[in-house]
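Below is data-v8.txt, holding compact mmCIF, C-alpha atoms.
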```
# COMPACT_ATOMS: atom_id res chain seq x y z
CA MET A 1 33.54 -3.30 -12.83
CA SER A 2 31.79 -6.26 -11.31
CA ARG A 3 28.27 -6.16 -9.99
CA ARG A 4 27.70 -7.48 -6.49
CA PRO A 5 24.34 -6.12 -5.28
CA TYR A 6 23.89 -6.23 -1.51
CA VAL A 7 20.60 -7.62 -0.22
CA ARG A 8 19.48 -6.34 3.17
CA GLU A 9 17.78 -8.85 5.47
CA VAL A 10 14.21 -8.25 6.63
CA ARG A 11 14.28 -8.10 10.44
CA ARG A 12 11.87 -10.42 12.24
CA ALA A 13 10.55 -7.44 14.18
CA TRP A 14 10.12 -5.32 11.04
CA TRP A 15 6.64 -4.28 12.12
CA LEU A 16 7.98 -2.50 15.22
CA GLY A 17 9.94 -0.08 13.03
CA GLN A 18 7.05 2.19 12.05
CA PRO A 19 3.89 3.24 13.95
CA ARG A 20 1.81 2.55 10.80
CA TYR A 21 3.06 -1.06 10.76
CA VAL A 22 2.15 -1.52 14.43
CA VAL A 23 -1.38 -0.25 13.78
CA TYR A 24 -1.61 -2.62 10.83
CA MET A 25 -0.42 -5.61 12.87
CA ILE A 26 -3.01 -4.86 15.57
CA ARG A 27 -5.67 -4.89 12.85
CA GLU A 28 -4.38 -8.27 11.65
CA LEU A 29 -4.39 -9.54 15.26
CA THR A 30 -8.09 -8.72 15.58
CA SER A 31 -8.88 -11.62 13.23
CA LEU A 32 -7.58 -14.03 15.88
CA PHE A 33 -10.13 -12.83 18.43
CA ILE A 34 -12.93 -12.72 15.89
CA GLY A 35 -12.02 -16.32 14.97
CA LEU A 36 -12.03 -17.36 18.65
CA TYR A 37 -15.43 -15.76 19.21
CA SER A 38 -16.79 -17.50 16.10
CA ALA A 39 -15.51 -20.80 17.53
CA TRP A 40 -17.31 -20.00 20.81
CA LEU A 41 -20.58 -19.50 18.87
CA VAL A 42 -20.05 -22.80 17.03
CA ILE A 43 -19.59 -24.56 20.37
CA GLY A 44 -22.89 -22.95 21.45
CA LEU A 45 -24.64 -24.37 18.39
CA VAL A 46 -23.26 -27.85 19.11
CA ARG A 47 -24.43 -27.64 22.74
CA LEU A 48 -27.86 -26.45 21.58
CA ALA A 49 -28.14 -29.49 19.30
CA GLN A 50 -27.27 -31.74 22.26
CA GLY A 51 -30.38 -30.76 24.22
CA ARG A 52 -31.67 -28.49 26.96
CA THR A 53 -29.20 -29.42 29.73
CA ALA A 54 -26.19 -28.97 27.46
CA TRP A 55 -27.52 -25.60 26.23
CA GLU A 56 -28.18 -24.32 29.76
CA GLY A 57 -24.66 -25.40 30.72
CA PHE A 58 -23.31 -23.40 27.81
CA LEU A 59 -25.34 -20.34 28.85
CA ALA A 60 -23.99 -20.62 32.38
CA ALA A 61 -20.43 -20.89 31.07
CA THR A 62 -21.03 -17.84 28.83
CA SER A 63 -22.06 -15.78 31.87
CA SER A 64 -19.05 -16.72 33.97
CA PRO A 65 -16.63 -13.82 34.70
CA PRO A 66 -13.74 -15.16 32.53
CA ALA A 67 -16.15 -15.73 29.62
CA VAL A 68 -17.61 -12.23 30.00
CA LEU A 69 -14.09 -10.79 30.02
CA PHE A 70 -13.28 -12.83 26.89
CA GLN A 71 -16.38 -11.46 25.16
CA PHE A 72 -15.47 -7.87 26.06
CA VAL A 73 -11.97 -8.36 24.66
CA CYS A 74 -13.46 -9.83 21.47
CA LEU A 75 -15.91 -6.93 21.25
CA ALA A 76 -13.08 -4.41 21.61
CA PHE A 77 -11.03 -6.05 18.85
CA ALA A 78 -14.10 -6.41 16.59
CA ALA A 79 -14.93 -2.72 17.11
CA TYR A 80 -11.31 -1.73 16.37
CA HIS A 81 -11.38 -3.79 13.18
CA SER A 82 -14.74 -2.41 12.07
CA ILE A 83 -13.89 1.22 12.80
CA THR A 84 -10.53 1.07 11.01
CA TRP A 85 -12.17 -0.75 8.11
CA PHE A 86 -15.00 1.79 7.81
CA ALA A 87 -12.39 4.56 7.77
CA VAL A 88 -10.81 3.16 4.59
CA THR A 89 -14.00 2.18 2.75
CA PRO A 90 -14.01 5.37 0.60
CA LYS A 91 -10.74 4.11 -0.90
CA ALA A 92 -11.92 0.57 -1.50
CA MET A 93 -15.42 1.44 -2.61
CA PRO A 94 -15.53 4.92 -4.15
CA LEU A 95 -18.99 5.81 -5.42
CA THR A 96 -20.11 8.16 -8.12
CA LEU A 97 -23.63 9.54 -8.28
CA GLN A 98 -24.75 11.15 -11.53
CA GLY A 99 -21.14 11.44 -12.63
CA LYS A 100 -19.93 13.12 -9.44
CA PRO A 101 -17.85 11.41 -6.75
CA VAL A 102 -19.69 10.81 -3.48
CA SER A 103 -17.89 12.34 -0.46
CA GLY A 104 -15.86 9.88 1.60
CA ASN A 105 -17.67 11.02 4.75
CA VAL A 106 -21.00 9.97 3.24
CA ILE A 107 -19.63 6.49 2.40
CA VAL A 108 -18.27 6.09 5.93
CA ALA A 109 -21.52 7.37 7.48
CA GLY A 110 -23.43 4.88 5.32
CA HIS A 111 -21.44 2.03 6.85
CA TYR A 112 -22.13 3.23 10.40
CA ALA A 113 -25.83 3.57 9.54
CA ALA A 114 -25.87 0.02 8.15
CA TRP A 115 -24.07 -1.21 11.30
CA ALA A 116 -26.67 0.49 13.53
CA LEU A 117 -29.55 -0.90 11.47
CA VAL A 118 -28.23 -4.48 11.53
CA SER A 119 -27.56 -4.20 15.29
CA LEU A 120 -31.13 -2.95 15.83
CA VAL A 121 -32.59 -5.83 13.83
CA VAL A 122 -30.50 -8.34 15.82
CA LEU A 123 -31.56 -6.78 19.14
CA ILE A 124 -35.23 -6.83 18.14
CA ALA A 125 -34.95 -10.43 16.92
CA ALA A 126 -33.30 -11.36 20.22
CA GLY A 127 -36.22 -9.79 22.07
CA VAL A 128 -34.11 -7.31 24.03
CA MET B 1 30.46 29.88 12.43
CA SER B 2 27.38 29.38 10.26
CA GLU B 3 24.93 26.56 10.94
CA THR B 4 25.67 23.06 9.67
CA VAL B 5 23.79 19.79 9.31
CA THR B 6 25.19 16.29 9.73
CA LEU B 7 24.20 13.66 7.20
CA GLU B 8 24.78 9.97 7.91
CA VAL B 9 24.82 8.28 4.53
CA LEU B 10 24.82 4.52 3.97
CA ARG B 11 27.78 3.66 1.75
CA TYR B 12 28.37 0.43 -0.13
CA HIS B 13 31.13 -0.15 -2.65
CA PRO B 14 30.62 -3.57 -4.25
CA GLU B 15 34.31 -4.00 -5.07
CA THR B 16 35.75 -3.23 -1.66
CA ASP B 17 32.97 -3.56 0.95
CA SER B 18 31.54 -6.82 2.26
CA LYS B 19 28.54 -4.92 3.67
CA PRO B 20 27.23 -1.34 3.83
CA HIS B 21 28.37 1.14 6.49
CA PHE B 22 27.38 4.66 7.49
CA GLN B 23 29.59 7.63 6.72
CA SER B 24 29.06 11.08 8.24
CA TYR B 25 29.28 14.35 6.35
CA THR B 26 28.81 17.87 7.65
CA VAL B 27 27.25 20.28 5.18
CA PRO B 28 26.22 23.93 5.46
CA TYR B 29 22.59 24.57 6.39
CA HIS B 30 20.44 26.59 4.03
CA GLU B 31 16.80 27.35 4.67
CA ASP B 32 15.86 26.56 1.06
CA TRP B 33 17.97 23.39 0.63
CA VAL B 34 16.43 19.99 0.14
CA VAL B 35 18.27 16.80 1.07
CA LEU B 36 19.30 16.40 -2.57
CA ASP B 37 21.07 19.78 -2.43
CA ALA B 38 23.03 18.54 0.57
CA LEU B 39 24.00 15.34 -1.30
CA ASN B 40 25.06 17.41 -4.31
CA HIS B 41 27.19 19.55 -1.99
CA ILE B 42 28.89 16.38 -0.70
CA LYS B 43 29.44 15.11 -4.23
CA ASP B 44 30.82 18.42 -5.50
CA HIS B 45 32.91 19.54 -2.52
CA LEU B 46 33.52 16.73 -0.01
CA ASP B 47 33.47 13.28 -1.59
CA GLY B 48 33.10 12.75 -5.32
CA THR B 49 32.71 8.98 -4.88
CA LEU B 50 29.23 9.24 -3.35
CA THR B 51 26.78 7.64 -5.80
CA TYR B 52 23.05 8.34 -6.09
CA ARG B 53 20.42 8.87 -8.78
CA TRP B 54 18.79 12.17 -9.50
CA SER B 55 17.68 14.22 -12.45
CA CYS B 56 14.93 16.84 -12.38
CA HIS B 57 15.12 18.26 -8.82
CA MET B 58 11.37 18.99 -8.97
CA ALA B 59 9.51 15.76 -8.01
CA VAL B 60 8.77 14.83 -11.59
CA CYS B 61 11.38 12.32 -12.73
CA GLY B 62 11.10 9.93 -9.77
CA SER B 63 14.85 9.18 -9.68
CA CYS B 64 15.96 10.43 -6.28
CA GLY B 65 13.88 8.27 -3.93
CA MET B 66 15.72 7.20 -0.75
CA MET B 67 15.08 6.46 2.92
CA ILE B 68 15.38 9.66 4.94
CA ASN B 69 15.29 8.94 8.66
CA GLY B 70 13.57 5.65 7.89
CA GLU B 71 10.85 7.13 5.68
CA PRO B 72 10.81 6.71 1.89
CA LYS B 73 11.02 10.19 0.34
CA LEU B 74 12.09 11.94 -2.83
CA SER B 75 15.26 13.69 -1.69
CA CYS B 76 14.33 16.67 -3.87
CA HIS B 77 11.04 16.89 -2.00
CA ALA B 78 12.42 16.75 1.56
CA PHE B 79 13.59 20.06 3.01
CA LEU B 80 16.62 20.06 5.30
CA ARG B 81 14.76 22.49 7.57
CA ASP B 82 12.35 19.69 8.50
CA TYR B 83 15.29 17.69 9.90
CA ARG B 84 17.06 20.60 11.57
CA ASN B 85 17.25 19.09 15.04
CA GLY B 86 19.48 16.06 14.85
CA VAL B 87 21.24 13.91 12.32
CA VAL B 88 19.74 13.17 8.91
CA ARG B 89 20.14 9.47 8.17
CA ILE B 90 20.04 8.58 4.48
CA GLU B 91 19.80 5.04 3.11
CA PRO B 92 18.89 3.50 -0.24
CA LEU B 93 15.20 2.62 -0.70
CA ASP B 94 14.20 -0.33 1.45
CA HIS B 95 13.28 -3.72 -0.04
CA PHE B 96 15.63 -3.39 -3.03
CA PRO B 97 19.18 -4.73 -3.40
CA ILE B 98 21.87 -2.04 -3.19
CA GLU B 99 23.87 -1.60 -6.38
CA ARG B 100 26.21 0.97 -4.86
CA ASP B 101 25.78 3.61 -2.12
CA LEU B 102 22.25 5.03 -2.55
CA VAL B 103 21.61 3.38 -5.91
CA ILE B 104 19.23 0.42 -5.84
CA VAL B 105 18.76 -2.43 -8.32
CA MET B 106 15.32 -1.94 -9.85
CA ASP B 107 15.36 -4.71 -12.47
CA SER B 108 12.66 -6.66 -10.64
CA PHE B 109 10.34 -3.65 -10.74
CA MET B 110 10.89 -3.14 -14.47
CA GLU B 111 9.92 -6.77 -15.09
CA LYS B 112 6.81 -6.47 -12.89
CA LEU B 113 5.81 -3.23 -14.57
CA SER B 114 6.01 -4.67 -18.07
CA SER B 115 4.16 -7.83 -16.95
CA VAL B 116 0.95 -5.85 -16.30
CA LYS B 117 0.99 -4.37 -19.84
CA PRO B 118 0.79 -0.72 -18.73
CA TYR B 119 -0.20 0.67 -22.10
CA MET B 120 -3.34 1.10 -24.17
CA ILE B 121 -4.72 -2.11 -25.66
CA VAL B 122 -7.64 -1.12 -27.84
CA GLU B 123 -10.29 -3.70 -28.62
CA ARG B 124 -10.43 -2.73 -32.26
CA GLU B 125 -7.84 -0.70 -34.12
CA LYS B 126 -9.69 2.05 -35.96
CA PRO B 127 -8.51 3.28 -39.36
CA LEU B 128 -7.32 6.89 -39.32
CA SER B 129 -10.37 7.91 -41.32
CA GLU B 130 -12.60 7.13 -38.34
CA GLY B 131 -10.82 9.77 -36.28
CA GLU B 132 -9.65 9.83 -32.67
CA TYR B 133 -10.63 7.62 -29.76
CA LEU B 134 -12.80 10.19 -28.03
CA GLN B 135 -13.22 10.53 -24.29
CA THR B 136 -15.22 12.97 -22.17
CA PRO B 137 -13.67 14.85 -19.22
CA ALA B 138 -15.82 12.69 -16.90
CA LEU B 139 -14.34 9.51 -18.39
CA LEU B 140 -10.85 10.98 -18.00
CA ASN B 141 -11.48 11.77 -14.34
CA VAL B 142 -12.25 8.11 -13.65
CA TYR B 143 -8.56 7.19 -13.95
CA LYS B 144 -6.66 10.51 -14.05
CA GLN B 145 -5.32 10.22 -10.50
CA TYR B 146 -3.51 6.96 -11.41
CA THR B 147 -1.74 8.56 -14.37
CA GLN B 148 0.31 10.68 -11.96
CA CYS B 149 2.67 7.83 -11.01
CA ILE B 150 6.34 8.66 -11.66
CA ASN B 151 7.69 5.17 -10.87
CA CYS B 152 9.76 6.54 -7.98
CA LEU B 153 9.34 3.25 -6.04
CA LEU B 154 8.68 4.93 -2.67
CA CYS B 155 5.57 2.73 -2.43
CA TYR B 156 7.65 -0.44 -2.81
CA ALA B 157 9.99 0.76 -0.06
CA ALA B 158 7.00 1.45 2.23
CA CYS B 159 5.17 -1.83 1.60
CA PRO B 160 6.05 -4.67 4.01
CA GLN B 161 4.51 -7.20 1.62
CA CYS B 162 7.13 -6.20 -0.96
CA ALA B 163 9.78 -7.07 1.61
CA LEU B 164 8.22 -10.37 2.67
CA ASN B 165 7.44 -11.64 -0.84
CA GLN B 166 9.83 -10.52 -3.54
CA ASP B 167 7.43 -11.78 -6.23
CA PHE B 168 4.62 -9.39 -5.22
CA ILE B 169 3.82 -7.28 -8.29
CA GLY B 170 3.57 -4.31 -5.94
CA PRO B 171 1.68 -1.03 -5.58
CA ALA B 172 2.85 1.11 -8.52
CA ALA B 173 2.55 -1.61 -11.19
CA LEU B 174 -0.92 -2.63 -9.95
CA ALA B 175 -2.04 1.00 -9.81
CA LEU B 176 -0.91 1.47 -13.41
CA ALA B 177 -2.75 -1.69 -14.49
CA HIS B 178 -5.85 -0.22 -12.80
CA ARG B 179 -5.28 3.06 -14.62
CA TYR B 180 -5.52 1.32 -18.02
CA ASN B 181 -8.35 -1.00 -16.95
CA LEU B 182 -10.41 2.08 -16.01
CA ASP B 183 -9.70 3.84 -19.31
CA SER B 184 -12.79 3.84 -21.54
CA ARG B 185 -10.58 3.50 -24.64
CA ASP B 186 -8.85 0.36 -23.33
CA GLY B 187 -9.92 -3.24 -23.82
CA GLY B 188 -6.96 -5.08 -22.30
CA LYS B 189 -8.36 -5.94 -18.86
CA ASP B 190 -8.56 -9.67 -19.59
CA GLN B 191 -4.97 -9.73 -20.85
CA ARG B 192 -3.76 -8.09 -17.64
CA ALA B 193 -5.88 -10.27 -15.36
CA ASP B 194 -3.50 -13.27 -15.46
CA VAL B 195 -0.89 -11.23 -13.61
CA VAL B 196 -3.03 -8.63 -11.83
CA ALA B 197 -5.55 -11.08 -10.32
CA SER B 198 -2.94 -13.75 -9.46
CA ASP B 199 -1.62 -14.67 -6.02
CA GLU B 200 1.41 -12.44 -6.63
CA GLY B 201 -0.88 -9.64 -7.83
CA ILE B 202 -3.66 -7.98 -5.90
CA TRP B 203 -4.21 -10.91 -3.52
CA GLU B 204 -0.75 -10.53 -2.00
CA CYS B 205 -1.81 -7.06 -0.78
CA THR B 206 -3.12 -7.01 2.79
CA PHE B 207 -4.07 -3.33 2.72
CA VAL B 208 -1.38 -1.95 4.99
CA GLY B 209 -1.96 1.36 3.20
CA ALA B 210 1.62 2.61 3.59
CA CYS B 211 2.05 2.90 -0.21
CA SER B 212 -0.59 5.61 -0.41
CA GLU B 213 0.75 7.45 2.62
CA VAL B 214 4.24 7.87 1.14
CA CYS B 215 3.24 8.54 -2.48
CA PRO B 216 4.58 12.01 -3.42
CA LYS B 217 2.08 12.31 -6.27
CA HIS B 218 -1.07 11.27 -4.33
CA VAL B 219 -1.72 8.34 -6.65
CA ASP B 220 -3.23 6.18 -3.88
CA PRO B 221 -2.13 2.70 -5.05
CA ALA B 222 -3.84 1.08 -2.03
CA ALA B 223 -7.20 2.29 -3.31
CA ALA B 224 -6.41 1.04 -6.81
CA ILE B 225 -5.58 -2.43 -5.48
CA GLN B 226 -8.69 -2.70 -3.27
CA GLN B 227 -10.90 -1.61 -6.18
CA THR B 228 -9.21 -4.19 -8.41
CA LYS B 229 -9.91 -6.87 -5.77
CA ILE B 230 -13.62 -6.07 -5.90
CA SER B 231 -13.63 -5.98 -9.71
CA ALA B 232 -11.68 -9.29 -9.95
CA SER B 233 -14.07 -10.94 -7.48
CA VAL B 234 -17.07 -9.81 -9.53
CA ASP B 235 -15.41 -11.18 -12.70
CA TRP B 236 -14.73 -14.49 -10.92
CA PHE B 237 -18.39 -14.86 -9.92
CA LYS B 238 -19.51 -13.94 -13.43
CA ASN B 239 -17.33 -16.74 -14.80
CA LEU B 240 -19.12 -19.21 -12.49
CA LEU B 241 -22.42 -18.37 -14.15
CA PRO B 242 -23.57 -20.28 -17.23
CA ARG B 243 -23.07 -18.72 -20.65
CA GLY B 244 -24.68 -15.33 -20.91
CA GLY B 245 -23.81 -14.50 -17.31
CA SER B 246 -20.96 -12.33 -18.46
CA ALA B 247 -23.37 -9.85 -20.02
```
Starting from the coordinates I provided, produce the structure as structure tokens.
Amino acid sequence: MSRRPYVREVRRAWWLGQPRYVVYMIRELTSLFIGLYSAWLVIGLVRLAQGRTAWEGFLAATSSPPAVLFQFVCLAFAAYHSITWFAVTPKAMPLTLQGKPVSGNVIVAGHYAAWALVSLVVLIAAGV
Amino acid sequence: MSETVTLEVLRYHPETDSKPHFQSYTVPYHEDWVVLDALNHIKDHLDGTLTYRWSCHMAVCGSCGMMINGEPKLSCHAFLRDYRNGVVRIEPLDHFPIERDLVIVMDSFMEKLSSVKPYMIVEREKPLSEGEYLQTPALLNVYKQYTQCINCLLCYAACPQCALNQDFIGPAALALAHRYNLDSRDGGKDQRADVVASDEGIWECTFVGACSEVCPKHVDPAAAIQQTKISASVDWFKNLLPRGGSA
């Protein structure tokens, strides 16, 4: 008897084979848009440092229809990422209180509450 | 004529085949049969050359894992009645080399498993006169879930990272390392960290979560790995602190 194990190739489109892989790949893709939006904010900071005219130009560009569309797309991907992440936080960060495990729903709700609180602080700070 | 089911089984004979091919078998349908019963029927009555692993027939031994219609399953835990409409396609577990037919080569897993030292490493051996290493039920519950692993390797077949990087220590081995790290009687966390907290350890995991979805024993390796990431990060920051920071 001779051994000759057969190794199966991984297909390039492996992630299309299972719905759970597709969902995962979308979550990975969100990082691209979050990165792009971060870059947009950095550009804003640079323009702010360059003076009033540059900053007002940046604000005008931010309000243009393509830029607004870009921001909505980024918001959608960021929300998708956050919601799917919150859903798995009980696994990553299980809590025990007085020796008893805290319900996963409470951990998830805590994240949404923190999200709402931070958003409120940002809105107040922005003077909205 | 009584009802039948068609099984398409991936065959590979290392001495005669250059690559695997599917072979169809028609077996009788029984309401209470699992896929393993159908394979045993083939082996006993239709084709004695069909090769596969199995032992307990009750989801305890972890031997009979295979891909059933593309999903990693224990064949003793998958009822034929759930695949009644259509063909049942059976392949060896994904992401492992095929030894023969449905038998995979699991040497790499055995090496990874032993590399995380999945056994009790006590900080100080007590003499017998000092009695047992005691543990309360609450301390047992901290890690009990992770003791349920039967090394069936369904999680490795579900994990795309295992396919993309053959060196990834993988879900089951990391979950077992976590099991011992969480055990109040164990003091071997630092000895396991070289492997567990390496690039090929927890940091190769991107939290796809498929391992936990397919686990027949509800071990939840994905949770174990994410918790280990947090714990390893805390340890890393502690090591940055001056002496005394590790307290």
Give me the residues within 7 Å of stretch 100-117 of chain A as a short mmCIF file (atom, residue, chain, number, x, y, z; two decimals) with C-alpha atoms, keeping the file's coordinate frame, counting all atoms listed in the file and dropping any in the same chain fewer than 2 places off.
```cif
data_model
loop_
_atom_site.label_atom_id
_atom_site.label_comp_id
_atom_site.auth_asym_id
_atom_site.auth_seq_id
_atom_site.Cartn_x
_atom_site.Cartn_y
_atom_site.Cartn_z
CA PHE A 86 -15.00 1.79 7.81
CA ALA A 87 -12.39 4.56 7.77
CA THR A 89 -14.00 2.18 2.75
CA PRO A 90 -14.01 5.37 0.60
CA LEU A 95 -18.99 5.81 -5.42
CA THR A 96 -20.11 8.16 -8.12
CA LEU A 97 -23.63 9.54 -8.28
CA GLN A 98 -24.75 11.15 -11.53
CA SER A 119 -27.56 -4.20 15.29
CA LEU A 120 -31.13 -2.95 15.83
CA VAL A 121 -32.59 -5.83 13.83
#
```
Notebook entry, point to check: What separation in Å, quoted to one decimal, exists between atom CA of A:Pro66 and atom CA of A:Trp40?
Noted result: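 These two atoms are separated by 13.2 Å.
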Next item on the list: Dump as a list in words the residues of chain A that approach chain B to within 6 Å, counting all atoms listed in the file.
Entry: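 Listed by rising number, the hits are Arg4, Pro5, Tyr6, Val7, Tyr24, Lys91 and Ala92 of chain A.
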Check: Just how far from atom CA of B:Thr26 is atom CA of B:Leu46, in Å to one decimal?
Finding: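 About the pair atom CA of B:Leu46 and atom CA of B:Thr26: they are 9.1 Å apart.
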Next item on the list: Can you work out the spacing between atom CA of B:Pro171 and atom CA of B:Val196 in Å, to one decimal?
Entry: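 Interatomic distance, atom CA of B:Pro171 to atom CA of B:Val196: 10.9 Å.
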Check: Between B:Met120, B:Asp183, B:Pro127, B:Ala197, which one has atoms that come closest to B:Lys144, using only C-alpha atoms?
Finding: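 Of the candidates, the smallest distance to B:Lys144 is held by B:Asp183.
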Margin query: Within 12 Å of (-16.8, -9.5, 20.2) in the file's own coordinates, which protein, DNA or RNA residues have an atom, counting only C-alpha atoms? List them as JSON, numbers by chain.
Written below: {"A": [30, 31, 32, 33, 34, 35, 36, 37, 38, 39, 40, 41, 67, 68, 69, 70, 71, 72, 73, 74, 75, 76, 77, 78, 79, 80, 81, 82]}
Next item on the list: Quick one: everything within 12 Å of B:Tyr83, counting only C-alpha atoms, minus sequence neighbours fewer than 6 positions away in the same chain. Send it as a PyMOL selection string.
Entry: chain B and resi 4-7+29-31+33-35+68-69+89-90
At a cut-off of 7 Å, using all atoms listed in the file, what residues contact stretch 198-205 of chain B? Leave out same-chain residues fewer than 4 positions from it and give the result as a PDB file with C-alpha atoms, keeping the file's coordinate frame.
```pdb
ATOM      1  CA  GLN B 161       4.510  -7.200   1.620  1.00  0.00           C
ATOM      2  CA  ASP B 167       7.430 -11.780  -6.230  1.00  0.00           C
ATOM      3  CA  PHE B 168       4.620  -9.390  -5.220  1.00  0.00           C
ATOM      4  CA  ILE B 169       3.820  -7.280  -8.290  1.00  0.00           C
ATOM      5  CA  ASP B 194      -3.500 -13.270 -15.460  1.00  0.00           C
ATOM      6  CA  ILE B 225      -5.580  -2.430  -5.480  1.00  0.00           C
ATOM      7  CA  LYS B 229      -9.910  -6.870  -5.770  1.00  0.00           C
TER       8      LYS B 229
END
```
Check: Which is closer to B:Pro137 than all the others in B:Leu93, B:Glu3, B:Gln166, B:Ser184, using only C-alpha atoms?
Finding: B:Ser184
Note to self: List as a ChimeraX atom specification the protein and nucleic acid residues near B:Arg124, meaning an atom at most 12 Å away when all atoms listed in the file are counted, but skip any in the same chain fewer than 2 places from it.
What the structure shows: /B:120-122,126-127,130,133,185-188
Next item on the list: Fewer than 4 positions away in the same chain doesn't count, so skip those; otherwise give me all residues within 8 Å of stretch 107-112 of chain B, counting all atoms listed in the file, as a list in words.
Entry: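 In the requested form, the answer reads Val116, Ile169, Gly170 and Ala173 of chain B.
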Can you take stretch 39-53 of chain B from the block and write N, CA and C atoms as an mmCIF file, in the first residue's frame?
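Final output, saved to out.cif:
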```
data_model
loop_
_atom_site.group_PDB
_atom_site.id
_atom_site.type_symbol
_atom_site.label_atom_id
_atom_site.label_comp_id
_atom_site.auth_asym_id
_atom_site.auth_seq_id
_atom_site.Cartn_x
_atom_site.Cartn_y
_atom_site.Cartn_z
ATOM 1 N N LEU B 39 -24.549 4.612 4.429
ATOM 2 C CA LEU B 39 -23.183 4.236 4.038
ATOM 3 C C LEU B 39 -22.884 2.798 4.465
ATOM 4 N N ASN B 40 -23.339 2.428 5.664
ATOM 5 C CA ASN B 40 -23.128 1.060 6.128
ATOM 6 C C ASN B 40 -23.865 0.057 5.236
ATOM 7 N N HIS B 41 -25.044 0.465 4.740
ATOM 8 C CA HIS B 41 -25.790 -0.402 3.828
ATOM 9 C C HIS B 41 -24.986 -0.610 2.534
ATOM 10 N N ILE B 42 -24.395 0.486 2.040
ATOM 11 C CA ILE B 42 -23.567 0.370 0.828
ATOM 12 C C ILE B 42 -22.396 -0.585 1.092
ATOM 13 N N LYS B 43 -21.730 -0.355 2.192
ATOM 14 C CA LYS B 43 -20.542 -1.152 2.532
ATOM 15 C C LYS B 43 -20.894 -2.639 2.676
ATOM 16 N N ASP B 44 -22.036 -2.905 3.313
ATOM 17 C CA ASP B 44 -22.397 -4.299 3.599
ATOM 18 C C ASP B 44 -23.032 -5.025 2.408
ATOM 19 N N HIS B 45 -23.770 -4.265 1.566
ATOM 20 C CA HIS B 45 -24.568 -4.946 0.542
ATOM 21 C C HIS B 45 -24.233 -4.570 -0.895
ATOM 22 N N LEU B 46 -23.646 -3.372 -1.110
ATOM 23 C CA LEU B 46 -23.473 -2.934 -2.501
ATOM 24 C C LEU B 46 -22.014 -2.852 -2.935
ATOM 25 N N ASP B 47 -21.161 -2.338 -2.065
ATOM 26 C CA ASP B 47 -19.775 -2.085 -2.474
ATOM 27 C C ASP B 47 -18.869 -2.084 -1.235
ATOM 28 N N GLY B 48 -18.239 -3.202 -1.000
ATOM 29 C CA GLY B 48 -17.405 -3.350 0.195
ATOM 30 C C GLY B 48 -16.131 -2.539 0.162
ATOM 31 N N THR B 49 -15.824 -1.912 -0.991
ATOM 32 C CA THR B 49 -14.573 -1.142 -1.078
ATOM 33 C C THR B 49 -14.721 0.281 -0.547
ATOM 34 N N LEU B 50 -15.951 0.713 -0.312
ATOM 35 C CA LEU B 50 -16.163 2.090 0.166
ATOM 36 C C LEU B 50 -15.530 2.255 1.556
ATOM 37 N N THR B 51 -14.694 3.313 1.686
ATOM 38 C CA THR B 51 -13.936 3.482 2.926
ATOM 39 C C THR B 51 -14.336 4.768 3.637
ATOM 40 N N TYR B 52 -14.614 4.672 4.923
ATOM 41 C CA TYR B 52 -14.970 5.831 5.734
ATOM 42 C C TYR B 52 -14.734 5.473 7.181
ATOM 43 N N ARG B 53 -14.623 6.528 8.038
ATOM 44 C CA ARG B 53 -14.408 6.284 9.467
ATOM 45 C C ARG B 53 -15.728 6.379 10.215
#
```
